[in-house]
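Engineer: Handing you a structure now.
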Amino acid sequence: MNISIIGTGYVGLVTGACLAEFGLTVTCMDKDERRIARLEKGKIPIHEPGLQELVEKEIANGRLRFTTKLKETVESALVIFIAVGTPQGNDGSPDLSFVEEVGRSIGQALDGYKVIVTKSTVPVGTGQRLQQIITEESRGQASFDIVSNPEFLREGSAVEDFMRPDRVVIGAGTPQAMAVMRDLYRPLYLLETPFVFTDVQTAEMIKYASNTFLATKVSFINEIANLCEHVHADVQVVSKAMGLDHRIGQKFLSPGPGYGGSCFPKDTAALIQTGRALNCPMEIAEAAARVNVNQRARMAQKVRDALGGVKDKRIAVLGLSFKPDTNDVRDTPALDILPAFEREGATIHAYDPAAMEEFNRWMPTVQLFGNPYDAAAGADVVVLMTEWNEFRNLDFPRLKALMASPVFVDMRNVYEPARMEATGFKYISVGRGTASKL
């Protein structure tokens, strides 16, 4: 089976490489000529464990190729995945202009029956809109089906998530489209992967409902953490005990500076906007989004309180990406918190294992260093903002000797307060009672 992917961003590239690993012949198309030229050489634009090796392997096997020619991409495939961006608009709703542009181009190039699959995250009703656009552009001369197949890839473990998913959701309106999608995902049947077959609208809703629920869990535990600080309880123990209840589960119950990235903020905002447009308010989603904004301000205030203000202070930041094992800085908490410190007169030094180049495009005034210790030299405080593995076993005697004052703000609760007190640091964490004293 020949497959085409339109869009070579995070979702499109992972999808294309993994489907090629399934033994399918995959063509990935993008109008960015420079990006395609790099991909043809096996050079990928994102940091994602295992993806570089997989792309190189499938290019060598001849199952994965790249092109800028959309008409050829459409004509060569039975299944066409749309994996272009749906950025958040000013009102919170997703901008579907890229999706609709691709739909028009597909309609103009149709030459026979195709299954057209939305992999991009799109609001309910997008499948119907694509059906209309493609029918108009093809003048009703070609047969096709629209399918919704939302992705549930976690950055940092996307290849594993695709190869061993919790579930596969397929929304389609005809038995023929269902049969094609079953055949495409046949390798996952061997793993007894759960499949959810439904209509297009329900599949579209599943993605938004899932991500908004997970975002709500993050906001909920952050509110509990804030209360724990007032009553001198330990949120780490609270969240562990909560997670042992199988009705709740352990994932997404880690307190910190709030959720970020390309999915949770955008998808939550889109669900809220959909509810408003239909006079069906998403009140819990609205509260989760509001808590997330407030949580970043709370984290910034922890640093101010620890230093008695940040004016003329040097702040060393460890971690800039929104989560470990990715270079993605979209809506990362650092992009809210660090500009506020700069406006208040602080100097920012930072280190991240993968995201410094990306972060520099957004905030070029931050001084970047090659390791945690160079970043911390002369600092008044170290702020651990992203829990990369290499930050889990820092050399604290060395760190303390380099710093102007031994203050450590741990926004991810990586370290234990007792251990940090023993090192002589003033240690501030999240949801674990009052800060220790020097």
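So you can find residues: chains in the structure tokens are A, B, ... in the order shown, residues in each start at 1, and ligands are numbered from 1 in order.
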If you count only C-alpha atoms, which residues fall within 10 Å of region 237-244 of chain A, apart from same-chain ones fewer than 4 positions away, as a PyMOL selection string?

Structural biologist: chain A and resi 221+224-225+228+233+248-255+431-432

Engineer: Select from region 270-313 of chain A every residue with an atom at most 10 Å from any atom of region 184-208 of chain A, then for each give the shortest pair of atoms and their distance in Å to one decimal, using only C-alpha atoms, rows by chain and rising number, as CSV.

Structural biologist:
```
residue,atom,partner,partner_atom,distance
A:Ala270,CA,A:Tyr208,CA,7.9
A:Leu271,CA,A:Tyr208,CA,6.4
A:Ile272,CA,A:Tyr208,CA,10.0
```

Engineer: What's the 10 Å shell around Gln52 (chain A), counting only C-alpha atoms, without same-chain residues fewer than 6 positions away, as a ChimeraX atom specification?

Structural biologist: /A:14,17,42-46

Engineer: With N, CA and C atoms retained, could you export that selection as a PDB file, in the first residue's frame?

Structural biologist:
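Wrote result22.pdb, looks like this:
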```
ATOM      1  N   VAL A  14       6.940  11.773  12.242  1.00  0.00           N
ATOM      2  CA  VAL A  14       6.851  10.554  13.051  1.00  0.00           C
ATOM      3  C   VAL A  14       5.906   9.551  12.397  1.00  0.00           C
ATOM      4  N   ALA A  17       7.608   7.999   9.181  1.00  0.00           N
ATOM      5  CA  ALA A  17       8.702   7.069   9.476  1.00  0.00           C
ATOM      6  C   ALA A  17       8.173   5.771  10.072  1.00  0.00           C
ATOM      7  N   GLY A  42      18.447  12.712   5.378  1.00  0.00           N
ATOM      8  CA  GLY A  42      18.284  12.074   6.689  1.00  0.00           C
ATOM      9  C   GLY A  42      18.459  13.005   7.858  1.00  0.00           C
ATOM     10  N   LYS A  43      18.435  14.306   7.630  1.00  0.00           N
ATOM     11  CA  LYS A  43      18.617  15.279   8.711  1.00  0.00           C
ATOM     12  C   LYS A  43      17.254  15.769   9.172  1.00  0.00           C
ATOM     13  N   ILE A  44      16.876  15.430  10.395  1.00  0.00           N
ATOM     14  CA  ILE A  44      15.553  15.779  10.881  1.00  0.00           C
ATOM     15  C   ILE A  44      15.606  17.064  11.707  1.00  0.00           C
ATOM     16  N   PRO A  45      14.524  17.865  11.688  1.00  0.00           N
ATOM     17  CA  PRO A  45      14.541  19.180  12.334  1.00  0.00           C
ATOM     18  C   PRO A  45      14.126  19.169  13.798  1.00  0.00           C
ATOM     19  N   ILE A  46      13.802  18.015  14.352  1.00  0.00           N
ATOM     20  CA  ILE A  46      13.326  17.960  15.730  1.00  0.00           C
ATOM     21  C   ILE A  46      14.152  16.974  16.539  1.00  0.00           C
TER      22      ILE A  46
END
```

Engineer: In terms of the shortest atom-to-atom distance over only C-alpha atoms, which of A:Asn90, A:Asn211, A:Thr216, A:Thr73 is closest to Gly261 (chain A)?

Structural biologist: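 Closest candidate: A:Asn211.
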
Engineer: Taking only C-alpha atoms into account, which of A:Gln128, A:Ser143, A:Phe322, A:Ser93 comes nearest Leu110 (chain A)?

Structural biologist: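 Ranked by minimum distance to Leu110 (chain A), first place goes to A:Ser143.
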
Engineer: Wanna dump the region 35-73 of chain A-region 158-168 of chain A contacts at 9 Å for me, each residue with its shortest atom pair and the distance in Å to one decimal, counting only C-alpha atoms, ordered by chain and number, as CSV?

Structural biologist:
```
residue,atom,partner,partner_atom,distance
A:Glu48,CA,A:Ala158,CA,7.3
A:Pro49,CA,A:Val159,CA,7.6
A:Gly50,CA,A:Val159,CA,6.7
A:Leu51,CA,A:Val159,CA,6.6
A:Leu54,CA,A:Val159,CA,8.9
```

Engineer: Leaving out Asn327 (chain A) and any residue of its chain fewer than 6 positions from it, which residues lie within 6 Å of it when counting only C-alpha atoms, given as number ranges by chain?

Structural biologist: A: 47, 321, 354-355

Engineer: According to DSSP computed on the backbone, where in region 95-258 of chain A is there strand (DSSP E or B)? Give the residues as a ChimeraX atom specification.

Structural biologist: /A:114-118,144-148,168-172,195-198,234

Engineer: Would you mind listing what lies within 6 Å of Leu384 (chain A) as number ranges by chain, with only C-alpha atoms counted and same-chain residues fewer than 4 positions away left out?

Structural biologist: A: 318, 410-411

Engineer: Only C-alpha atoms, please: the residues just picked out, written as a compact mmCIF listing (two decimals), in the first residue's frame.

Structural biologist:
```
# COMPACT_ATOMS: atom_id res chain seq x y z
CA LEU A 318 18.24 24.57 34.00
CA ASP A 410 13.14 23.25 42.16
CA MET A 411 10.00 23.68 40.06
```

Engineer: Find the residue from A:Leu39, A:Val102, A:Ala340, A:Met403 that sits nearest to Asp380 (chain A); use only C-alpha atoms when measuring.

Structural biologist: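 Among the listed residues, A:Met403 lies closest to Asp380 (chain A).
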
Engineer: CA of Leu214 (chain A) to CA of Phe264 (chain A): how many Å, to one decimal?

Structural biologist: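 A separation of 7.9 Å between them.
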
Engineer: DSSP on the backbone: what in region 322-392 of chain A comes out helix (DSSP H, G or I), as number ranges by chain?

Structural biologist: A: 334-343, 356-362, 372-376, 389-391

Engineer: Within 7 Å of region 145-152 of chain A, counting only C-alpha atoms, which residues show up once you throw out same-chain ones fewer than 2 positions away? Write them as a VMD selection string, please.

Structural biologist: chain A and resid 114 to 121 127 131 154 169 to 172 177 200 203 to 204 207

Engineer: Save out the residues we just selected, N, CA and C atoms, as an mmCIF file, in the first residue's frame.

Structural biologist:
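So again_26.cif came out as:
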```cif
data_model
loop_
_atom_site.group_PDB
_atom_site.id
_atom_site.type_symbol
_atom_site.label_atom_id
_atom_site.label_comp_id
_atom_site.auth_asym_id
_atom_site.auth_seq_id
_atom_site.Cartn_x
_atom_site.Cartn_y
_atom_site.Cartn_z
ATOM 1 N N LYS A 114 -9.600 7.742 -3.141
ATOM 2 C CA LYS A 114 -8.590 8.000 -2.116
ATOM 3 C C LYS A 114 -9.264 8.008 -0.739
ATOM 4 N N VAL A 115 -8.507 7.627 0.247
ATOM 5 C CA VAL A 115 -8.911 7.803 1.644
ATOM 6 C C VAL A 115 -8.082 8.964 2.186
ATOM 7 N N ILE A 116 -8.758 10.033 2.567
ATOM 8 C CA ILE A 116 -8.082 11.256 3.014
ATOM 9 C C ILE A 116 -8.242 11.357 4.524
ATOM 10 N N VAL A 117 -7.135 11.323 5.235
ATOM 11 C CA VAL A 117 -7.136 11.159 6.692
ATOM 12 C C VAL A 117 -6.617 12.421 7.370
ATOM 13 N N THR A 118 -7.407 12.970 8.284
ATOM 14 C CA THR A 118 -6.910 14.092 9.083
ATOM 15 C C THR A 118 -6.135 13.540 10.281
ATOM 16 N N LYS A 119 -4.836 13.821 10.281
ATOM 17 C CA LYS A 119 -3.982 13.494 11.417
ATOM 18 C C LYS A 119 -3.761 14.743 12.268
ATOM 19 N N SER A 120 -3.867 15.908 11.640
ATOM 20 C CA SER A 120 -3.808 17.162 12.381
ATOM 21 C C SER A 120 -4.943 17.196 13.398
ATOM 22 N N THR A 121 -4.715 17.896 14.508
ATOM 23 C CA THR A 121 -5.775 18.061 15.498
ATOM 24 C C THR A 121 -6.726 19.149 15.016
ATOM 25 N N GLY A 127 -14.047 17.465 9.319
ATOM 26 C CA GLY A 127 -14.208 16.421 8.306
ATOM 27 C C GLY A 127 -15.298 16.776 7.312
ATOM 28 N N GLN A 131 -14.866 17.502 3.321
ATOM 29 C CA GLN A 131 -15.691 16.800 2.333
ATOM 30 C C GLN A 131 -16.261 17.787 1.322
ATOM 31 N N ARG A 154 3.246 11.489 22.502
ATOM 32 C CA ARG A 154 3.887 12.323 23.506
ATOM 33 C C ARG A 154 5.285 12.681 23.037
ATOM 34 N N VAL A 169 -7.700 5.371 17.248
ATOM 35 C CA VAL A 169 -9.051 5.872 17.008
ATOM 36 C C VAL A 169 -9.217 6.140 15.518
ATOM 37 N N ILE A 170 -10.243 5.566 14.924
ATOM 38 C CA ILE A 170 -10.515 5.741 13.502
ATOM 39 C C ILE A 170 -11.983 6.114 13.330
ATOM 40 N N GLY A 171 -12.204 7.307 12.788
ATOM 41 C CA GLY A 171 -13.551 7.751 12.492
ATOM 42 C C GLY A 171 -13.771 7.785 10.993
ATOM 43 N N ALA A 172 -14.726 7.023 10.504
ATOM 44 C CA ALA A 172 -14.975 6.950 9.063
ATOM 45 C C ALA A 172 -16.460 6.732 8.816
ATOM 46 N N ALA A 177 -13.685 2.703 3.612
ATOM 47 C CA ALA A 177 -12.640 3.451 4.311
ATOM 48 C C ALA A 177 -12.180 2.711 5.562
ATOM 49 N N VAL A 200 -16.761 10.183 12.081
ATOM 50 C CA VAL A 200 -15.726 11.210 12.006
ATOM 51 C C VAL A 200 -15.854 12.223 13.136
ATOM 52 N N ALA A 203 -14.634 10.877 16.512
ATOM 53 C CA ALA A 203 -13.175 10.756 16.543
ATOM 54 C C ALA A 203 -12.520 12.118 16.755
ATOM 55 N N GLU A 204 -13.057 13.137 16.090
ATOM 56 C CA GLU A 204 -12.518 14.484 16.272
ATOM 57 C C GLU A 204 -12.672 14.943 17.722
ATOM 58 N N LYS A 207 -10.078 13.403 20.569
ATOM 59 C CA LYS A 207 -8.758 14.012 20.756
ATOM 60 C C LYS A 207 -8.829 15.205 21.707
#
```

Engineer: Can you pull out every residue within 9 Å of Ile5 (chain A), counting only C-alpha atoms, but drop anything in the same chain fewer than 5 positions away, and send it as a PDB file with C-alpha atoms, in the first residue's frame?

Structural biologist:
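As a result, result04.pdb now contains:
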```pdb
ATOM      1  CA  GLY A  12       3.832  14.091   9.923  1.00  0.00           C
ATOM      2  CA  LEU A  13       7.444  13.005  10.204  1.00  0.00           C
ATOM      3  CA  THR A  15       3.790   9.121  11.279  1.00  0.00           C
ATOM      4  CA  GLY A  16       5.641   8.732   7.977  1.00  0.00           C
ATOM      5  CA  VAL A  26       5.509   6.327   2.269  1.00  0.00           C
ATOM      6  CA  THR A  27       5.963   9.688   0.559  1.00  0.00           C
ATOM      7  CA  CYS A  28       6.202  12.732   2.826  1.00  0.00           C
ATOM      8  CA  MET A  29       5.406  16.043   1.146  1.00  0.00           C
ATOM      9  CA  ASP A  30       6.105  19.605   2.276  1.00  0.00           C
ATOM     10  CA  THR A  73       1.993  12.890  -3.794  1.00  0.00           C
ATOM     11  CA  VAL A  79      -4.237   6.904   1.646  1.00  0.00           C
ATOM     12  CA  ILE A  80      -3.352  10.580   2.111  1.00  0.00           C
ATOM     13  CA  PHE A  81      -2.679  11.871   5.615  1.00  0.00           C
ATOM     14  CA  ILE A  82      -3.089  15.585   6.319  1.00  0.00           C
ATOM     15  CA  ALA A  83      -0.580  16.519   9.029  1.00  0.00           C
TER      16      ALA A  83
END
```

Engineer: So which one's closest to Tyr351 (chain A), A:Met385, A:Leu335, A:Leu399, A:Phe369? Using only C-alpha atoms, please.

Structural biologist: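 Smallest separation from Tyr351 (chain A) among the options: A:Phe369.
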